Each structure stands twice: as C-alpha cells, then as structure tokens.
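Shown next: data_36.cif, containing mmCIF, C-alpha atoms.
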data_coords
#
loop_
_atom_site.group_PDB
_atom_site.id
_atom_site.type_symbol
_atom_site.label_atom_id
_atom_site.label_comp_id
_atom_site.auth_asym_id
_atom_site.auth_seq_id
_atom_site.Cartn_x
_atom_site.Cartn_y
_atom_site.Cartn_z
ATOM 1 C CA MET A 739 15.487 -29.751 26.956
ATOM 2 C CA ALA A 740 17.048 -30.493 30.355
ATOM 3 C CA VAL A 741 16.947 -27.542 32.735
ATOM 4 C CA ALA A 742 19.858 -27.445 35.171
ATOM 5 C CA PRO A 743 18.919 -28.696 38.672
ATOM 6 C CA ARG A 744 18.348 -25.967 41.270
ATOM 7 C CA VAL A 745 18.742 -25.568 44.996
ATOM 8 C CA LYS A 746 16.075 -24.118 47.254
ATOM 9 C CA PRO A 747 17.736 -21.388 49.354
ATOM 10 C CA LEU A 748 15.473 -22.019 52.364
ATOM 11 C CA ASP A 749 16.661 -25.639 52.404
ATOM 12 C CA LEU A 750 20.132 -24.263 53.140
ATOM 13 C CA PHE A 751 19.549 -21.032 55.081
ATOM 14 C CA THR A 752 17.212 -19.830 57.795
ATOM 15 C CA PRO A 753 14.754 -17.117 56.665
ATOM 16 C CA GLU A 754 16.862 -14.540 58.523
ATOM 17 C CA GLU A 755 20.077 -15.691 56.830
ATOM 18 C CA TRP A 756 18.482 -15.740 53.396
ATOM 19 C CA ALA A 757 17.109 -12.237 53.929
ATOM 20 C CA LYS A 758 20.676 -11.016 54.446
ATOM 21 C CA VAL A 759 22.119 -13.027 51.536
ATOM 22 C CA SER A 760 19.460 -11.908 49.052
ATOM 23 C CA ALA A 761 19.180 -8.269 50.219
ATOM 24 C CA ARG A 762 19.358 -5.640 47.460
ATOM 25 C CA SER A 763 20.844 -2.167 47.862
ATOM 26 C CA SER A 764 20.106 1.233 46.349
ATOM 27 C CA TRP A 765 23.719 2.392 46.683
ATOM 28 C CA ARG A 766 26.139 -0.558 46.581
ATOM 29 C CA GLY A 767 25.827 -1.067 42.821
ATOM 30 C CA ILE A 768 26.277 2.649 42.134
ATOM 31 C CA TRP A 769 29.311 2.634 44.417
ATOM 32 C CA MET A 770 30.851 -0.330 42.566
ATOM 33 C CA VAL A 771 30.432 1.338 39.173
ATOM 34 C CA ALA A 772 31.991 4.528 40.590
ATOM 35 C CA HIS A 773 34.759 2.435 42.142
ATOM 36 C CA ALA A 774 35.575 0.801 38.799
ATOM 37 C CA TRP A 775 35.855 4.143 37.014
ATOM 38 C CA GLY A 776 37.726 5.720 39.923
ATOM 39 C CA THR A 777 40.265 2.898 39.883
ATOM 40 C CA ILE A 778 40.741 3.318 36.131
ATOM 41 C CA LEU A 779 41.351 7.055 36.568
ATOM 42 C CA LEU A 780 43.764 6.574 39.476
ATOM 43 C CA ALA A 781 45.722 3.879 37.647
ATOM 44 C CA GLY A 782 46.013 6.140 34.596
ATOM 45 C CA ALA A 783 47.041 9.078 36.770
ATOM 46 C CA LEU A 784 49.775 6.938 38.343
ATOM 47 C CA PHE A 785 51.492 6.614 34.968
ATOM 48 C CA VAL A 786 50.830 10.218 33.928
ATOM 49 C CA VAL A 787 52.417 11.539 37.131
ATOM 50 C CA PHE A 788 55.201 8.923 37.365
ATOM 51 C CA PRO A 789 55.896 7.862 33.760
ATOM 52 C CA ASN A 790 58.158 4.830 33.602
ATOM 53 C CA PRO A 791 57.852 1.241 32.289
ATOM 54 C CA LEU A 792 56.913 -0.206 35.683
ATOM 55 C CA THR A 793 54.054 2.220 36.362
ATOM 56 C CA TYR A 794 52.819 1.751 32.787
ATOM 57 C CA LEU A 795 52.736 -2.028 33.154
ATOM 58 C CA LEU A 796 50.928 -1.703 36.488
ATOM 59 C CA ALA A 797 48.438 0.812 35.063
ATOM 60 C CA LEU A 798 47.823 -1.394 32.022
ATOM 61 C CA MET A 799 47.026 -4.430 34.181
ATOM 62 C CA ILE A 800 44.855 -2.531 36.671
ATOM 63 C CA ILE A 801 42.886 -0.766 33.921
ATOM 64 C CA GLY A 802 42.427 -4.003 31.955
ATOM 65 C CA ALA A 803 41.194 -5.728 35.102
ATOM 66 C CA ARG A 804 38.717 -2.890 35.773
ATOM 67 C CA GLN A 805 37.510 -3.099 32.186
ATOM 68 C CA LEU A 806 36.713 -6.683 33.102
ATOM 69 C CA GLY A 807 35.189 -5.210 36.269
ATOM 70 C CA LEU A 808 32.829 -3.139 34.122
ATOM 71 C CA ALA A 809 31.880 -6.303 32.219
ATOM 72 C CA ILE A 810 31.260 -8.041 35.556
ATOM 73 C CA LEU A 811 29.025 -5.175 36.668
ATOM 74 C CA MET A 812 27.159 -5.399 33.344
ATOM 75 C CA HIS A 813 26.681 -9.075 34.219
ATOM 76 C CA GLU A 814 25.360 -7.958 37.610
ATOM 77 C CA ALA A 815 22.903 -5.663 35.848
ATOM 78 C CA ALA A 816 21.751 -8.580 33.676
ATOM 79 C CA HIS A 817 20.549 -10.169 36.931
ATOM 80 C CA GLY A 818 18.997 -6.921 38.134
ATOM 81 C CA GLY A 819 21.534 -6.639 40.943
ATOM 82 C CA LEU A 820 22.987 -3.163 40.444
ATOM 83 C CA HIS A 821 19.885 -1.329 41.670
ATOM 84 C CA PRO A 822 16.356 -2.276 42.828
ATOM 85 C CA ASN A 823 14.907 0.157 40.272
ATOM 86 C CA LEU A 824 15.117 -1.662 36.940
ATOM 87 C CA LYS A 825 15.462 1.537 34.902
ATOM 88 C CA ILE A 826 18.399 2.709 37.008
ATOM 89 C CA ASN A 827 19.844 -0.818 36.989
ATOM 90 C CA ASP A 828 19.672 -1.046 33.198
ATOM 91 C CA GLY A 829 20.884 2.516 32.658
ATOM 92 C CA LEU A 830 23.977 1.899 34.791
ATOM 93 C CA GLY A 831 24.609 -1.483 33.206
ATOM 94 C CA GLU A 832 24.113 -0.360 29.608
ATOM 95 C CA TRP A 833 25.789 3.039 29.486
ATOM 96 C CA LEU A 834 28.444 2.982 32.220
ATOM 97 C CA CYS A 835 29.430 -0.704 32.053
ATOM 98 C CA ALA A 836 28.512 -2.372 28.759
ATOM 99 C CA ALA A 837 28.942 0.416 26.202
ATOM 100 C CA PRO A 838 32.487 1.441 27.266
ATOM 101 C CA THR A 839 33.711 -2.141 26.803
ATOM 102 C CA GLY A 840 31.924 -2.751 23.507
ATOM 103 C CA ALA A 841 29.126 -4.920 24.898
ATOM 104 C CA SER A 842 25.340 -4.607 25.027
ATOM 105 C CA LEU A 843 23.287 -5.373 28.114
ATOM 106 C CA LYS A 844 20.160 -5.722 25.995
ATOM 107 C CA SER A 845 21.621 -8.561 23.930
ATOM 108 C CA TYR A 846 23.708 -10.065 26.740
ATOM 109 C CA ARG A 847 20.860 -10.577 29.218
ATOM 110 C CA PRO A 848 18.785 -13.212 27.315
ATOM 111 C CA TYR A 849 21.954 -15.026 26.263
ATOM 112 C CA HIS A 850 23.304 -15.131 29.806
ATOM 113 C CA LEU A 851 20.040 -16.161 31.468
ATOM 114 C CA THR A 852 19.884 -19.051 29.000
ATOM 115 C CA HIS A 853 23.330 -20.057 30.242
ATOM 116 C CA HIS A 854 21.987 -20.139 33.813
ATOM 117 C CA LYS A 855 18.871 -22.043 32.866
ATOM 118 C CA TYR A 856 20.837 -24.789 31.118
ATOM 119 C CA ALA A 857 24.184 -24.585 32.960
ATOM 120 C CA GLN A 858 26.469 -27.395 31.728
ATOM 121 C CA GLN A 859 23.585 -28.961 29.804
ATOM 122 C CA ALA A 860 23.577 -29.469 26.038
ATOM 123 C CA GLU A 861 21.605 -26.247 25.510
ATOM 124 C CA ASP A 862 24.058 -24.082 27.486
ATOM 125 C CA PRO A 863 25.378 -21.444 25.021
ATOM 126 C CA ASP A 864 28.578 -21.112 27.082
ATOM 127 C CA LEU A 865 29.619 -24.744 26.673
ATOM 128 C CA ILE A 866 31.826 -23.659 23.796
ATOM 129 C CA LEU A 867 33.989 -21.744 26.290
ATOM 130 C CA SER A 868 34.697 -24.769 28.487
ATOM 131 C CA ALA A 869 34.652 -27.470 25.810
ATOM 132 C CA PRO A 870 38.371 -27.182 24.816
ATOM 133 C CA PHE A 871 39.571 -28.034 28.335
ATOM 134 C CA PRO A 872 41.673 -29.728 29.446
ATOM 135 C CA THR A 873 44.098 -28.629 26.788
ATOM 136 C CA THR A 874 47.870 -28.810 26.512
ATOM 137 C CA ARG A 875 50.249 -26.253 27.979
ATOM 138 C CA GLN A 876 51.306 -25.344 24.466
ATOM 139 C CA SER A 877 47.707 -24.651 23.431
ATOM 140 C CA LEU A 878 47.039 -22.527 26.513
ATOM 141 C CA ARG A 879 50.292 -20.655 25.923
ATOM 142 C CA ARG A 880 49.226 -19.873 22.346
ATOM 143 C CA LYS A 881 45.874 -18.560 23.592
ATOM 144 C CA ILE A 882 47.613 -16.317 26.124
ATOM 145 C CA VAL A 883 49.990 -14.984 23.462
ATOM 146 C CA ARG A 884 47.035 -14.197 21.173
ATOM 147 C CA ASP A 885 45.382 -12.306 24.037
ATOM 148 C CA LEU A 886 48.444 -10.280 25.022
ATOM 149 C CA THR A 887 49.392 -9.392 21.437
ATOM 150 C CA GLY A 888 45.947 -8.001 20.548
ATOM 151 C CA GLN A 889 44.963 -10.810 18.181
ATOM 152 C CA THR A 890 41.943 -11.823 20.269
ATOM 153 C CA PHE A 891 40.805 -8.186 20.522
ATOM 154 C CA PHE A 892 41.141 -7.689 16.753
ATOM 155 C CA LYS A 893 39.191 -10.866 16.008
ATOM 156 C CA GLN A 894 36.390 -9.950 18.417
ATOM 157 C CA ARG A 895 36.191 -6.288 17.430
ATOM 158 C CA PHE A 896 36.650 -6.543 13.662
ATOM 159 C CA GLY A 897 35.916 -10.208 12.923
ATOM 160 C CA PRO A 898 32.161 -9.737 12.350
ATOM 161 C CA LEU A 899 32.787 -6.869 9.921
ATOM 162 C CA LEU A 900 35.416 -8.794 7.964
ATOM 163 C CA SER A 901 33.146 -11.836 7.836
ATOM 164 C CA LYS A 902 30.266 -9.752 6.449
ATOM 165 C CA LEU A 903 32.534 -8.148 3.867
ATOM 166 C CA LYS A 904 33.868 -11.539 2.812
ATOM 167 C CA GLY A 905 30.382 -13.010 2.499
ATOM 168 C CA ALA A 906 28.842 -10.012 0.730
ATOM 169 C CA GLY A 907 27.228 -10.644 -2.610
ATOM 170 C CA ALA A 908 28.416 -8.964 -5.793
ATOM 171 C CA GLY A 909 25.667 -6.360 -5.741
ATOM 172 C CA GLN A 910 25.725 -5.627 -2.019
ATOM 173 C CA PRO A 911 27.189 -2.185 -1.334
ATOM 174 C CA ARG A 912 30.106 -2.152 1.108
ATOM 175 C CA SER A 913 28.858 1.147 2.513
ATOM 176 C CA ALA A 914 25.719 -0.572 3.838
ATOM 177 C CA ILE A 915 27.846 -3.186 5.593
ATOM 178 C CA PHE A 916 30.070 -0.529 7.158
ATOM 179 C CA GLY A 917 27.006 1.511 8.119
ATOM 180 C CA GLY A 918 25.385 -1.463 9.802
ATOM 181 C CA GLU A 919 28.542 -2.210 11.772
ATOM 182 C CA VAL A 920 28.863 1.409 12.894
ATOM 183 C CA ALA A 921 25.255 1.319 14.073
ATOM 184 C CA ARG A 922 25.850 -1.952 15.932
ATOM 185 C CA GLN A 923 28.917 -0.591 17.689
ATOM 186 C CA GLY A 924 27.545 2.943 18.013
ATOM 187 C CA PRO A 925 27.573 3.214 21.836
ATOM 188 C CA PHE A 926 31.124 1.850 21.990
ATOM 189 C CA LEU A 927 32.326 4.258 19.307
ATOM 190 C CA LEU A 928 30.603 7.211 20.995
ATOM 191 C CA TRP A 929 32.211 6.340 24.328
ATOM 192 C CA ASN A 930 35.639 6.170 22.742
ATOM 193 C CA LEU A 931 35.108 9.430 20.901
ATOM 194 C CA ALA A 932 34.052 11.100 24.158
ATOM 195 C CA LEU A 933 37.114 9.722 25.965
ATOM 196 C CA LEU A 934 39.406 10.915 23.195
ATOM 197 C CA ILE A 935 37.873 14.409 23.206
ATOM 198 C CA ALA A 936 37.987 14.650 27.014
ATOM 199 C CA LEU A 937 41.620 13.555 27.200
ATOM 200 C CA SER A 938 42.629 15.764 24.264
ATOM 201 C CA SER A 939 41.094 18.764 26.009
ATOM 202 C CA VAL A 940 43.695 18.412 28.787
ATOM 203 C CA GLY A 941 46.581 17.598 26.439
ATOM 204 C CA LEU A 942 46.509 13.843 27.058
ATOM 205 C CA TRP A 943 45.193 12.594 23.710
ATOM 206 C CA TRP A 944 47.767 9.787 23.729
ATOM 207 C CA ALA A 945 46.269 8.381 26.962
ATOM 208 C CA TRP A 946 43.184 7.199 25.068
ATOM 209 C CA LEU A 947 45.389 4.793 23.118
ATOM 210 C CA ALA A 948 47.986 3.969 25.772
ATOM 211 C CA LEU A 949 45.731 3.809 28.830
ATOM 212 C CA TRP A 950 42.393 2.664 27.398
ATOM 213 C CA ILE A 951 42.753 0.857 24.075
ATOM 214 C CA VAL A 952 46.014 -0.982 24.826
ATOM 215 C CA PRO A 953 44.682 -2.447 28.122
ATOM 216 C CA MET A 954 41.464 -3.358 26.325
ATOM 217 C CA ALA A 955 43.417 -5.093 23.563
ATOM 218 C CA THR A 956 45.782 -7.024 25.849
ATOM 219 C CA TRP A 957 45.089 -7.537 29.549
ATOM 220 C CA PHE A 958 41.290 -7.397 29.301
ATOM 221 C CA PRO A 959 41.069 -10.370 26.877
ATOM 222 C CA LEU A 960 43.537 -12.337 28.978
ATOM 223 C CA VAL A 961 41.731 -11.905 32.298
ATOM 224 C CA THR A 962 38.407 -12.532 30.568
ATOM 225 C CA ARG A 963 39.813 -15.860 29.393
ATOM 226 C CA LEU A 964 41.125 -16.649 32.886
ATOM 227 C CA ARG A 965 37.697 -15.860 34.315
ATOM 228 C CA ASN A 966 35.976 -18.192 31.842
ATOM 229 C CA ILE A 967 38.443 -21.000 32.529
ATOM 230 C CA ALA A 968 38.119 -20.655 36.306
ATOM 231 C CA GLU A 969 34.327 -20.604 36.211
ATOM 232 C CA HIS A 970 33.461 -23.563 33.993
ATOM 233 C CA ALA A 971 36.492 -25.384 32.561
ATOM 234 C CA LEU A 972 36.603 -29.060 33.593
ATOM 235 C CA VAL A 973 33.058 -28.874 34.975
ATOM 236 C CA ALA A 974 31.165 -32.056 34.155
ATOM 237 C CA ARG A 975 28.498 -32.067 31.434
ATOM 238 C CA ASP A 976 24.943 -32.764 32.629
ATOM 239 C CA GLU A 977 26.086 -32.368 36.242
ATOM 240 C CA PRO A 978 23.145 -33.218 38.565
ATOM 241 C CA ASP A 979 24.622 -31.507 41.644
ATOM 242 C CA PRO A 980 23.870 -27.727 41.772
ATOM 243 C CA PHE A 981 26.922 -27.303 44.026
ATOM 244 C CA ARG A 982 29.093 -28.339 41.068
ATOM 245 C CA HIS A 983 27.666 -26.364 38.122
ATOM 246 C CA ALA A 984 30.478 -23.816 38.429
ATOM 247 C CA ARG A 985 33.726 -23.318 40.307
ATOM 248 C CA THR A 986 34.517 -20.987 43.176
ATOM 249 C CA THR A 987 38.173 -19.921 43.170
ATOM 250 C CA ARG A 988 39.964 -18.541 46.202
ATOM 251 C CA ALA A 989 41.413 -15.149 45.261
ATOM 252 C CA ASN A 990 44.095 -13.278 47.212
ATOM 253 C CA TRP A 991 44.299 -9.480 47.118
ATOM 254 C CA ILE A 992 46.632 -9.459 44.094
ATOM 255 C CA GLU A 993 44.254 -11.696 42.139
ATOM 256 C CA ARG A 994 41.315 -9.514 43.158
ATOM 257 C CA LEU A 995 43.210 -6.436 41.944
ATOM 258 C CA LEU A 996 44.518 -7.810 38.650
ATOM 259 C CA ILE A 997 42.302 -10.772 37.687
ATOM 260 C CA ALA A 998 39.051 -11.179 39.631
ATOM 261 C CA PRO A 999 37.373 -7.947 40.798
ATOM 262 C CA TYR A 1000 33.969 -7.558 42.406
ATOM 263 C CA HIS A 1001 33.634 -11.070 43.897
ATOM 264 C CA VAL A 1002 33.520 -12.752 40.493
ATOM 265 C CA ASN A 1003 35.515 -15.663 41.935
ATOM 266 C CA PHE A 1004 32.447 -16.850 43.920
ATOM 267 C CA HIS A 1005 30.921 -18.408 40.829
ATOM 268 C CA ALA A 1006 29.519 -21.589 42.353
ATOM 269 C CA GLU A 1007 27.500 -19.467 44.773
ATOM 270 C CA HIS A 1008 26.426 -17.204 41.923
ATOM 271 C CA HIS A 1009 24.981 -20.142 40.005
ATOM 272 C CA MET A 1010 23.232 -21.453 43.095
ATOM 273 C CA PHE A 1011 21.725 -18.059 43.970
ATOM 274 C CA MET A 1012 21.878 -16.177 40.672
ATOM 275 C CA HIS A 1013 19.853 -13.138 41.767
ATOM 276 C CA THR A 1014 21.940 -12.571 44.897
ATOM 277 C CA PRO A 1015 23.950 -9.329 44.526
ATOM 278 C CA CYS A 1016 27.643 -10.027 43.994
ATOM 279 C CA TRP A 1017 28.655 -8.248 47.210
ATOM 280 C CA ASN A 1018 26.630 -10.809 49.213
ATOM 281 C CA LEU A 1019 28.293 -13.861 47.638
ATOM 282 C CA PRO A 1020 31.149 -13.931 50.207
ATOM 283 C CA LEU A 1021 28.490 -13.996 52.947
ATOM 284 C CA ALA A 1022 26.721 -16.881 51.218
ATOM 285 C CA HIS A 1023 30.033 -18.752 51.020
ATOM 286 C CA ARG A 1024 30.805 -18.189 54.720
ATOM 287 C CA LEU A 1025 27.371 -19.374 55.807
ATOM 288 C CA LEU A 1026 27.604 -22.499 53.651
ATOM 289 C CA GLU A 1027 31.065 -23.141 55.049
ATOM 290 C CA GLN A 1028 29.842 -22.741 58.635
ATOM 291 C CA LYS A 1029 27.099 -25.287 57.924
ATOM 292 C CA GLY A 1030 29.608 -27.770 56.478
ATOM 293 C CA LEU A 1031 28.007 -27.598 53.023
ATOM 294 C CA THR A 1032 31.028 -26.623 50.918
ATOM 295 C CA GLY A 1033 32.776 -30.000 50.984
ATOM 296 C CA GLY A 1034 31.143 -31.127 47.749
ATOM 297 C CA MET A 1035 31.378 -27.735 46.092
ATOM 298 C CA LEU A 1036 33.680 -27.375 43.106
ATOM 299 C CA ARG A 1037 36.516 -25.180 44.433
ATOM 300 C CA ALA A 1038 40.075 -24.189 43.546
ATOM 301 C CA PRO A 1039 42.775 -22.727 45.821
ATOM 302 C CA GLY A 1040 43.776 -20.069 43.252
ATOM 303 C CA TYR A 1041 43.883 -19.117 39.595
ATOM 304 C CA LEU A 1042 47.276 -20.718 38.945
ATOM 305 C CA SER A 1043 45.871 -23.992 40.246
ATOM 306 C CA VAL A 1044 42.947 -23.795 37.799
ATOM 307 C CA LEU A 1045 45.288 -23.036 34.892
ATOM 308 C CA LYS A 1046 47.490 -25.984 35.806
ATOM 309 C CA ASP A 1047 44.512 -28.339 35.757
ATOM 310 C CA ALA A 1048 43.082 -26.787 32.605
ATOM 311 C CA SER A 1049 46.372 -27.316 30.733
ATOM 312 C CA SER A 1050 47.026 -30.852 32.010
ATOM 313 C CA LYS A 1051 46.380 -32.651 28.718
ATOM 314 C CA PRO A 1052 49.571 -34.373 27.507
ATOM 315 C CA ALA A 1053 51.091 -32.940 24.353
ATOM 316 C CA VAL A 1054 50.938 -35.141 21.279
ATOM 317 C CA ALA A 1055 54.414 -36.401 20.430
#

Hey, can you dump this file as structure tokens for me?
Amino acid sequence: MAVAPRVKPLDLFTPEEWAKVSARSSWRGIWMVAHAWGTILLAGALFVVFPNPLTYLLALMIIGARQLGLAILMHEAAHGGLHPNLKINDGLGEWLCAAPTGASLKSYRPYHLTHHKYAQQAEDPDLILSAPFPTTRQSLRRKIVRDLTGQTFFKQRFGPLLSKLKGAGAGQPRSAIFGGEVARQGPFLLWNLALLIALSSVGLWWAWLALWIVPMATWFPLVTRLRNIAEHALVARDEPDPFRHARTTRANWIERLLIAPYHVNFHAEHHMFMHTPCWNLPLAHRLLEQKGLTGGMLRAPGYLSVLKDASSKPAVA
C-alpha cells in the first residue's frame, strides 16, 4: 500500500520557527470549545430576544456552522491538539464536541488517521467524498437541496437503523435492533435529552427543535459538504507533491462565521503538519508564504470559487 509522501518540517522551517508552529497549549483548545458553545448560546439568544425571520435565519446559520465547529474541534482532538494531556484532550473531544453532534471520537480517530496516512491514495477512506467531482451544476444543486431540506440528515441519522431493519432475518427481534441503535447513539441521545430538559426548565422547550435540531438537519450538513468539497475535491489521485494533497481556501470573515470556523480552511497546511494545532496553521501559512513556498500549493481564493470548479462538468444533453 502506498503511503502518502511527507514533508520534513525542518526542511522548511528553522528550529525556532517550527517550535512556534508546533507549540501546544493547555488553554487554547479549552477556549475554542467554550467559544463554540458560547457562540451557539448567543446566536440562540439573539432570536429569543429579537424573534423575527431574519434573526432566526441568522441564528440557524451561525448555530449550524458552530455545530460544524464542534466537529472540527473533535477532529482537532483526534490529532491530540485540544490539550497536551491526552485524557483531557479526549474528554473534551468526546463529550463536548463529538457526542453533541452525533459523532464518536473513539471511532473517528483511527478512520481519520488512515485518511492522513494514505491521503489521495487508493487506500484513503475519504476518496469517496471527492470522487464525484467535478460534477454538474444540476447535481451539486440537488445535493444542496437534499442538505437544506433535511434529507441528508435523515439518511445519516436513521439510515443505518432502516438498513438493519430491512436486512433483518425472519427470526431476528426488532427490539434487539432498536436497542443496539440506541446504545450506539447513546451519548448523542443523552445530550439531546439534557438540552431538552434544560431548555424546558426555562420555558424554552421549542428552542431544542428550532435552534438545535433544525440547524443540525439543514445548515450543518450543507457546510460539512462545502468543507469536504473545498478540502479534497479535484485533488489529483496518487499526488506525489505533499503541498498538493489538500486545498487551502482563503476565507473572509463571513465565510469564517458561517462556513469555515476554527481555521479549517488551512487544509493543505494541516495535511503537511497534521499534529500542528489548528490555531497555528495561519502562522504556518504566513511563514511558507514569506519563504516563497506557497506557489505550488493547491489554493482557492474563496468557497464560491471552489464550488464553481467542482460543478464545472458539462450537463449531458
């Protein structure tokens, strides 16, 4: 099996520069997790205090983007970047990032590290995400509609259960299948139950649905798709250049608020230096730029630019 080619950081940086780029922190990861939850609460409060369609749409998009932010911070924990203490790192990543969004750090970590080991090689488990691109505008539009109408969420959340029920043998009790699925999604269900109880205690039971589930079923799947497209769509298979295993996308403040939180847009740098904490990726990019090393890097000027390229396949007449 072909392992993806690597760079040696000290071939690119001085020891002093690399020490800054690779430095871990005991508080930055905790702050980012708190920031994600604080932003979710403030966005929800915006609609509660000023209820109108515009503030609801804004709250929905901000909360959905921060749900992606929690997934990004779970990803950070998979690399051990949230905290130098592995127990604290994994506790933050599992219970405050993964569980609320229906994921599992324990199962995600080996899968994701395999993706890094074989990035854009035949053994890369994420190739399926980039394989359909380029696609047609019509196909991309259909994907976006499925995301925004909750179809993607329903398929991801209930698809495994429905598949097990459909494939169950005649003598297999349905209760065992339901029980197994409840156990698998236990942390997610407990989080949602706790949110519902907490909000109900202050007379805001409806906010669990309107300000947590609806963003999770609409904007979260959409921005997750946009993230996947920006990172690896149209990246060459078996690429020998480590500077081109992933794409870095320039993100303005609106994109960082609604699409790409917590420096997730610096994905080329992340693949080159995968154990560098996400908050140091902008520094890595600046240093590479100062050294004139970003010319061959796979880059995009913005997310709309990536979508245009990813949907450039001509429609079949």

- Run through the PyMOL selection byres ((chain A and resi 802) around 9) on the given coordinates and return the selected residues as JSON, numbers by chain. {"A": [778, 797, 798, 799, 800, 801, 803, 804, 805, 806, 807, 950, 952, 953, 954, 955, 956, 957, 958, 959, 960, 961, 996, 997]}

- Message: Which residue is closest to Ile951 (chain A)? Choose from A:Gly888, A:Leu830, A:Pro898, A:Ala974 and count only C-alpha atoms.
- Response: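 Smallest distance to Ile951 (chain A) is found for A:Gly888.
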
Using all atoms listed in the file, what residues lie at most 7 Å away from (34.9, -15.7, 38.2) (file coordinates), given as a PDB file with C-alpha atoms, in the coordinates of the input?
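What follows is the written file result_24.pdb:
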ATOM      1  CA  ARG A 965      37.697 -15.860  34.315  1.00  0.00           C
ATOM      2  CA  ASN A 966      35.976 -18.192  31.842  1.00  0.00           C
ATOM      3  CA  ALA A 968      38.119 -20.655  36.306  1.00  0.00           C
ATOM      4  CA  GLU A 969      34.327 -20.604  36.211  1.00  0.00           C
ATOM      5  CA  ALA A 998      39.051 -11.179  39.631  1.00  0.00           C
ATOM      6  CA  VAL A1002      33.520 -12.752  40.493  1.00  0.00           C
ATOM      7  CA  ASN A1003      35.515 -15.663  41.935  1.00  0.00           C
ATOM      8  CA  PHE A1004      32.447 -16.850  43.920  1.00  0.00           C
ATOM      9  CA  HIS A1005      30.921 -18.408  40.829  1.00  0.00           C
TER      10      HIS A1005
END

- Atom pair CA of Gly917 (chain A) + CA of Trp929 (chain A), distance 17.7 Å

- Message: For a quick check of understanding, using only C-alpha atoms, which of A:Lys855, A:His1013, A:Lys902, A:Lys746 has the smallest distance to Ala816 (chain A)?
- Response: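 Nearest candidate to Ala816 (chain A) out of A:Lys855, A:His1013, A:Lys902, A:Lys746: A:His1013.
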
- Message: Just checking: using only C-alpha atoms, which residue out of A:Ala841, A:Leu964, A:Leu933, A:Phe892 ends up closest to Val1044 (chain A)?
- Response: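 Of A:Ala841, A:Leu964, A:Leu933, A:Phe892, the one nearest Val1044 (chain A), counting only C-alpha atoms, is A:Leu964.
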
- Query: Hey, what comes out of the PyMOL selection byres ((chain A and resi 761) around 10) on this file? Could you write it as a PyMOL selection string?
  - Reply: chain A and resi 755-760+762-763+819+822+1013-1015+1017-1018

- Arg975 (chain A) proximity check over A:Gln910, A:Ser868, A:Ser764, A:Thr873, using only C-alpha atoms: winner is A:Ser868
